[in-house]
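Okay, upload_2.txt now, which holds compact mmCIF, C-alpha atoms:
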```
# COMPACT_ATOMS: atom_id res chain seq x y z
CA MET A 33 126.04 12.23 231.40
CA SER A 34 128.72 9.68 231.93
CA GLU A 35 132.16 10.55 233.14
CA ARG A 36 134.99 9.81 230.77
CA PRO A 37 137.28 7.29 232.37
CA VAL A 38 140.44 8.84 233.78
CA PRO A 39 142.06 5.86 235.54
CA GLU A 40 144.08 8.12 237.82
CA LEU A 41 140.93 9.66 239.30
CA ALA A 42 139.22 6.33 239.69
CA ALA A 43 142.17 5.25 241.84
CA LEU A 44 141.40 7.94 244.40
CA GLN A 45 138.88 6.18 246.59
CA GLY A 46 139.51 7.17 250.20
CA PRO A 47 139.52 10.58 251.88
CA GLU A 48 141.63 11.72 248.94
CA ALA A 49 138.75 11.19 246.47
CA PRO A 50 137.58 14.38 244.76
CA PRO A 51 134.23 15.96 245.63
CA ARG A 52 131.43 14.52 243.55
CA ARG A 53 127.83 15.33 242.88
CA ASN A 54 125.60 12.57 241.55
CA GLY A 55 128.73 10.51 241.08
CA GLU A 56 130.40 13.10 238.85
CA VAL A 57 133.56 14.93 239.80
CA VAL A 58 132.67 18.54 240.49
CA PHE A 59 134.89 21.53 239.81
CA ASP A 60 134.01 24.93 241.21
CA ALA A 61 136.44 26.81 239.02
CA PRO A 62 138.40 26.25 235.80
CA TRP A 63 141.80 26.13 237.52
CA GLN A 64 140.72 22.98 239.33
CA GLY A 65 140.29 21.11 236.07
CA ARG A 66 143.69 22.26 234.88
CA ALA A 67 145.27 21.23 238.19
CA LEU A 68 143.77 17.78 237.75
CA ALA A 69 145.16 17.51 234.23
CA LEU A 70 148.60 18.73 235.34
CA ALA A 71 148.87 16.01 237.98
CA ILE A 72 148.02 13.38 235.40
CA ALA A 73 150.49 14.86 232.91
CA LEU A 74 153.28 15.08 235.48
CA THR A 75 153.00 11.47 236.60
CA ARG A 76 152.54 10.13 233.07
CA GLY A 77 155.39 12.24 231.71
CA THR A 78 157.95 11.10 234.28
CA ASP A 79 159.00 7.88 235.99
CA LEU A 80 156.90 8.81 238.98
CA GLY A 81 153.81 6.70 239.33
CA TRP A 82 150.37 8.02 240.23
CA ASP A 83 150.96 6.85 243.81
CA SER A 84 153.67 9.47 244.17
CA PHE A 85 150.99 12.10 243.63
CA ARG A 86 148.33 10.28 245.58
CA SER A 87 150.48 10.02 248.70
CA ARG A 88 151.31 13.72 248.52
CA LEU A 89 147.64 14.56 248.09
CA MET A 90 146.74 12.52 251.17
CA ALA A 91 149.50 14.23 253.13
CA ALA A 92 148.33 17.67 252.00
CA ILE A 93 144.73 16.88 253.02
CA ASP A 94 145.95 15.57 256.38
CA ALA A 95 148.09 18.64 256.93
CA ASP A 96 145.12 21.00 256.80
CA ARG A 97 141.70 19.41 256.95
CA ASP A 98 139.92 22.76 256.63
CA ARG A 99 141.62 23.58 253.37
CA PRO A 100 139.40 23.14 250.31
CA TYR A 101 140.07 19.91 248.45
CA TRP A 102 141.43 21.39 245.23
CA GLU A 103 143.78 23.71 247.12
CA SER A 104 145.30 20.69 248.81
CA TRP A 105 145.55 19.20 245.34
CA VAL A 106 147.62 22.18 244.17
CA GLU A 107 149.86 21.89 247.26
CA ALA A 108 150.53 18.26 246.40
CA LEU A 109 151.08 19.13 242.76
CA GLU A 110 153.61 21.83 243.58
CA ASP A 111 155.41 19.45 245.91
CA LEU A 112 155.60 16.79 243.22
CA ALA A 113 156.78 19.35 240.65
CA ARG A 114 159.59 20.35 243.02
CA ALA A 115 160.56 16.68 243.37
CA VAL A 116 160.69 16.36 239.58
CA GLU A 117 162.76 19.51 239.39
CA ALA A 118 165.24 18.14 241.94
CA ALA A 119 165.51 14.74 240.24
CA MET B 211 138.51 45.25 240.65
CA SER B 212 138.67 45.44 236.93
CA GLY B 213 136.45 47.81 235.02
CA GLY B 214 137.16 45.88 231.85
CA HIS B 215 135.55 42.91 230.28
CA HIS B 216 137.64 40.14 231.75
CA HIS B 217 136.71 38.43 234.97
CA THR B 218 139.25 40.23 237.11
CA ALA B 219 142.35 42.26 236.41
CA GLU B 220 144.50 39.86 238.45
CA PRO B 221 143.74 36.18 238.77
CA ALA B 222 143.36 34.85 242.29
CA PRO B 223 146.64 33.55 243.72
CA ILE B 224 145.65 29.90 243.36
CA GLU B 225 144.87 30.45 239.68
CA ARG B 226 148.27 32.03 239.26
CA ARG B 227 149.96 29.09 240.96
CA VAL B 228 148.27 26.61 238.65
CA ALA B 229 149.05 28.74 235.59
CA ALA B 230 152.69 28.99 236.67
CA LEU B 231 152.91 25.22 237.11
CA GLU B 232 151.41 24.66 233.69
CA GLU B 233 153.82 27.10 232.09
CA ALA B 234 156.82 25.49 233.81
CA MET B 235 155.76 21.98 232.86
CA VAL B 236 155.09 22.91 229.25
CA SER B 237 158.43 24.68 228.92
CA ARG B 238 160.20 21.61 230.37
CA GLY B 239 158.43 19.39 227.87
CA LEU B 240 156.59 17.47 230.59
CA THR B 241 153.24 18.17 229.01
CA THR B 242 151.53 20.22 226.34
CA THR B 243 148.71 22.72 226.52
CA GLU B 244 146.81 20.41 224.16
CA PHE B 245 146.99 17.52 226.63
CA ILE B 246 145.76 19.69 229.49
CA ASP B 247 142.94 21.03 227.32
CA ALA B 248 141.97 17.50 226.32
CA VAL B 249 141.67 16.31 229.92
CA VAL B 250 139.70 19.41 230.87
CA GLN B 251 137.40 18.92 227.89
CA ALA B 252 136.71 15.37 228.95
CA TYR B 253 135.03 16.86 232.00
CA GLU B 254 133.37 19.87 230.46
CA ASN B 255 130.25 18.11 229.38
CA ASP B 256 129.76 16.21 232.56
CA ILE B 257 130.32 18.55 235.42
CA GLY B 258 129.00 21.76 236.79
CA PRO B 259 125.71 21.94 234.90
CA MET B 260 124.27 19.88 237.75
CA ASN B 261 124.14 23.05 239.85
CA GLY B 262 122.24 24.97 237.21
CA ALA B 263 119.88 22.04 236.71
CA GLU B 264 118.95 22.15 240.39
CA VAL B 265 118.26 25.87 240.13
CA VAL B 266 116.03 25.33 237.09
CA ALA B 267 114.13 22.44 238.69
CA ARG B 268 113.48 24.52 241.80
CA ALA B 269 112.21 27.42 239.69
CA TRP B 270 109.85 25.08 237.82
CA THR B 271 108.34 23.70 241.00
CA ASP B 272 108.33 26.75 243.27
CA PRO B 273 106.80 29.91 241.74
CA ASP B 274 108.05 32.08 244.60
CA TYR B 275 111.56 30.83 244.06
CA LYS B 276 111.24 31.53 240.34
CA ASP B 277 110.18 35.11 241.10
CA ARG B 278 113.20 35.57 243.34
CA LEU B 279 115.46 33.95 240.74
CA LEU B 280 114.36 36.30 237.99
CA ALA B 281 114.52 39.33 240.30
CA ASP B 282 117.97 38.60 241.73
CA GLY B 283 119.66 35.58 240.21
CA ALA B 284 122.76 35.68 242.38
CA ALA B 285 120.81 35.79 245.64
CA ALA B 286 118.40 33.03 244.59
CA ILE B 287 121.25 30.80 243.47
CA ALA B 288 123.09 31.45 246.73
CA GLU B 289 119.97 30.13 248.52
CA LEU B 290 120.81 26.72 247.06
CA GLY B 291 124.42 27.01 248.15
CA PHE B 292 125.95 27.90 244.79
CA GLY B 293 127.85 31.02 243.94
CA GLY B 294 131.18 32.45 244.85
CA PRO B 295 132.94 35.37 243.27
CA GLU B 296 131.90 34.47 239.76
CA GLY B 297 128.27 34.07 240.71
CA GLU B 298 127.89 37.52 242.16
CA HIS B 299 126.29 39.20 239.20
CA LEU B 300 124.26 36.44 237.75
CA VAL B 301 121.13 37.32 235.79
CA VAL B 302 118.66 34.62 234.86
CA VAL B 303 116.64 35.14 231.69
CA GLU B 304 113.47 33.17 231.07
CA ASN B 305 112.51 31.40 227.86
CA THR B 306 108.84 31.55 226.88
CA GLU B 307 106.69 30.38 223.96
CA THR B 308 107.71 33.46 222.03
CA VAL B 309 111.13 34.44 223.39
CA HIS B 310 114.31 32.39 223.16
CA ASN B 311 117.35 33.57 225.10
CA VAL B 312 120.93 32.63 224.36
CA ILE B 313 124.17 33.63 226.07
CA VAL B 314 127.51 34.52 224.57
CA CYS B 315 130.66 36.35 225.53
CA THR B 316 131.79 38.27 222.49
CA LEU B 317 135.12 39.48 223.89
CA CYS B 318 136.42 36.45 225.75
CA SER B 319 134.72 33.53 227.43
CA CYS B 320 132.88 34.88 230.49
CA TYR B 321 130.56 32.13 231.59
CA PRO B 322 128.34 31.53 234.62
CA TRP B 323 130.45 28.59 235.78
CA PRO B 324 129.18 28.40 239.38
CA VAL B 325 125.97 27.09 237.84
CA LEU B 326 127.11 25.69 234.51
CA GLY B 327 130.60 24.36 235.17
CA LEU B 328 133.35 24.86 232.63
CA PRO B 329 132.42 26.39 229.28
CA PRO B 330 132.37 23.97 226.35
CA GLY B 331 134.96 24.43 223.63
CA TRP B 332 132.46 25.81 221.12
CA TYR B 333 131.38 28.55 223.53
CA LYS B 334 134.93 29.89 223.44
CA SER B 335 135.28 29.60 219.67
CA HIS B 336 135.60 32.71 217.57
CA ALA B 337 132.78 31.51 215.31
CA TYR B 338 130.28 31.21 218.15
CA ARG B 339 131.28 34.50 219.74
CA SER B 340 130.98 36.50 216.56
CA ARG B 341 128.12 34.75 214.78
CA MET B 342 125.78 34.44 217.76
CA VAL B 343 125.44 38.21 217.71
CA ARG B 344 125.34 38.62 213.94
CA GLU B 345 123.14 35.72 212.89
CA PRO B 346 121.83 33.87 215.94
CA ARG B 347 118.98 32.18 214.07
CA VAL B 348 121.30 30.72 211.44
CA LEU B 349 123.92 29.64 213.96
CA LEU B 350 121.38 28.05 216.31
CA ALA B 351 119.90 26.13 213.36
CA GLU B 352 123.37 24.87 212.51
CA MET B 353 123.72 23.76 216.12
CA GLY B 354 120.51 21.79 215.77
CA LEU B 355 118.01 24.29 217.14
CA GLU B 356 115.53 25.41 214.50
CA LEU B 357 113.44 28.31 215.75
CA GLY B 358 110.32 29.40 213.91
CA PRO B 359 109.99 32.95 212.60
CA GLN B 360 107.55 33.79 215.41
CA MET B 361 110.24 33.17 218.01
CA GLU B 362 112.07 36.29 219.08
CA ILE B 363 115.75 35.64 219.89
CA GLN B 364 117.45 37.64 222.61
CA VAL B 365 121.24 37.41 222.75
CA TRP B 366 122.88 38.25 226.07
CA ASP B 367 126.52 39.31 225.96
CA SER B 368 128.29 38.38 229.19
CA SER B 369 130.82 40.63 230.83
CA ALA B 370 132.76 41.05 234.04
CA GLU B 371 129.75 42.88 235.43
CA VAL B 372 127.02 40.46 234.41
CA ARG B 373 126.81 36.75 233.61
CA TYR B 374 123.65 35.23 232.25
CA MET B 375 121.97 31.88 232.54
CA VAL B 376 118.89 30.82 230.60
CA LEU B 377 115.88 29.44 232.45
CA PRO B 378 114.52 26.92 229.93
CA GLN B 379 110.80 26.23 229.58
CA ARG B 380 109.58 23.25 231.52
CA PRO B 381 108.96 20.43 229.02
CA GLU B 382 105.41 19.24 228.51
CA GLY B 383 104.51 15.95 230.11
CA THR B 384 106.50 16.56 233.27
CA GLU B 385 103.56 17.50 235.49
CA GLY B 386 103.91 16.10 238.96
CA TRP B 387 107.57 15.18 238.54
CA SER B 388 109.87 15.52 241.53
CA GLU B 389 112.49 18.23 241.56
CA GLU B 390 115.16 15.56 241.23
CA SER B 391 113.57 14.02 238.14
CA LEU B 392 113.13 17.46 236.61
CA ALA B 393 116.76 18.40 237.26
CA ALA B 394 117.83 15.26 235.42
CA VAL B 395 116.28 16.47 232.15
CA VAL B 396 117.89 19.91 232.24
CA THR B 397 120.89 20.03 229.94
CA ARG B 398 123.79 22.41 229.92
CA ASP B 399 123.02 23.52 226.38
CA SER B 400 119.47 24.44 227.37
CA MET B 401 120.82 26.77 230.05
CA VAL B 402 123.20 28.38 227.57
CA GLY B 403 120.35 28.72 225.08
CA ALA B 404 121.92 26.51 222.45
CA ALA B 405 119.06 24.04 222.87
CA ARG B 406 115.47 23.88 224.09
CA LEU B 407 114.02 21.06 226.15
```

Please express the file's structure as structure tokens.
Amino acid sequence: MSERPVPELAALQGPEAPPRRNGEVVFDAPWQGRALALAIALTRGTDLGWDSFRSRLMAAIDADRDRPYWESWVEALEDLARAVEAA
Amino acid sequence: MSGGHHHTAEPAPIERRVAALEEAMVSRGLTTTEFIDAVVQAYENDIGPMNGAEVVARAWTDPDYKDRLLADGAAAIAELGFGGPEGEHLVVVENTETVHNVIVCTLCSCYPWPVLGLPPGWYKSHAYRSRMVREPRVLLAEMGLELGPQMEIQVWDSSAEVRYMVLPQRPEGTEGWSEESLAAVVTRDSMVGAARL
């Protein structure tokens, strides 16, 4: 059961790395997988690099350490989407 | 609470937020539903089933746990720390030498994802949903699982009220294996009933 390489995910190595089980990224609900894909699509589809999402994700995690990981992910994603909207 | 077949009448707020983002991005041409599906599919086969595999391995090695699992799947799965809203009404059905169980959701794609992760694409296909009820033996054979005529097939149709997970038979030659080694041989398809171990 090998994970397909998604370079964006592999770049998340610190506290912003997604929860894993046996080395595999674990989703608890379908929306989490879609949120992951949306972040990749948004950064690939615009001039914004992956770091623009990564830094927002780290900030969202820092802002509320008790918040579940994928909810912080959605916070960061919404923030990035607003930035794209404003651009 | 919905009385209907779908998971819930209203998605949880976080699901709505993600759906709204997806809709906005697709309408702005920033992505396509196909791209999102493709990324999600890349993970479907790899994730989630690990939880179910742990449940199965525990049931194989601990007869008391297996009894509890078959009596109240949701509670026994919660013992291992899995569950959540979608795991509340989980029923585990046991394969034997003479009975093969398989799960389907004929109306949509209800799936026991707290234990099995995201449903594979074929589970959501119209062909699987309709044919698994009508001609399970033929469809399973097409999917690579030939069952002899002596094997009774039980098809479990998932709903908002009840999700099912198959407890596969422990493979021969695994006597004395650790729970961890056993969990490693449990596949997602075996817990859906599309394969046997």

For this session: Measuring atom to atom with all atoms listed in the file, identify which of B:Pro273, B:Gly291, B:Gly358, B:Gly283 is nearest to B:Pro322.
Result: B:Gly283

Exercise. Suppose you want the space between atom CA of B:Leu392 and atom CA of B:Val365; what is it in Å?
Worked result: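 So the two atoms, atom CA of B:Leu392 and atom CA of B:Val365, lie 25.6 Å apart.
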
List as a compact mmCIF listing (two decimals) with C-alpha atoms, in the frame of the given file the protein and nucleic acid residues near stretch 237-245 of chain B, meaning an atom at most 8 Å away when all atoms listed in the file are counted, but skip any in the same chain fewer than 2 places from it.
```txt
# COMPACT_ATOMS: atom_id res chain seq x y z
CA ALA A 69 145.16 17.51 234.23
CA LEU A 70 148.60 18.73 235.34
CA ALA A 73 150.49 14.86 232.91
CA LEU A 74 153.28 15.08 235.48
CA GLY A 77 155.39 12.24 231.71
CA THR A 78 157.95 11.10 234.28
CA GLU B 232 151.41 24.66 233.69
CA GLU B 233 153.82 27.10 232.09
CA ALA B 234 156.82 25.49 233.81
CA MET B 235 155.76 21.98 232.86
CA ASP B 247 142.94 21.03 227.32
CA ALA B 248 141.97 17.50 226.32
CA VAL B 249 141.67 16.31 229.92
```

Problem set entry | Exercise: stretch 264-268 of chain B partners within 12 Å, all atoms listed in the file, chain neighbours under 6 positions left out, as a PyMOL selection string | (chain A and resi 53-54) or (chain B and resi 258+274-280+283-293+302-305+324-326+375-381+384+387-398+400-401+407)

Exercise. Between atom CA of B:Arg344 and atom CA of B:Thr316, what is the distance, to one decimal in Å?
Worked result: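 Computing it gives 10.7 Å between the two atoms.
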
Exercise. For chain B, which residue out of A:Ile72, A:Leu89, A:Ala118, A:Ala49 is the nearest one, using only C-alpha atoms?
Worked result: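 Of the candidates, the smallest distance to chain B is held by A:Ile72.
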
Exercise. Between B:Ala269, B:Leu328, B:Val314, B:Leu357, which has the minimum distance to chain A (counting only C-alpha atoms)?
Worked result: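 Checking each candidate against chain A, we get B:Leu328 as the closest.
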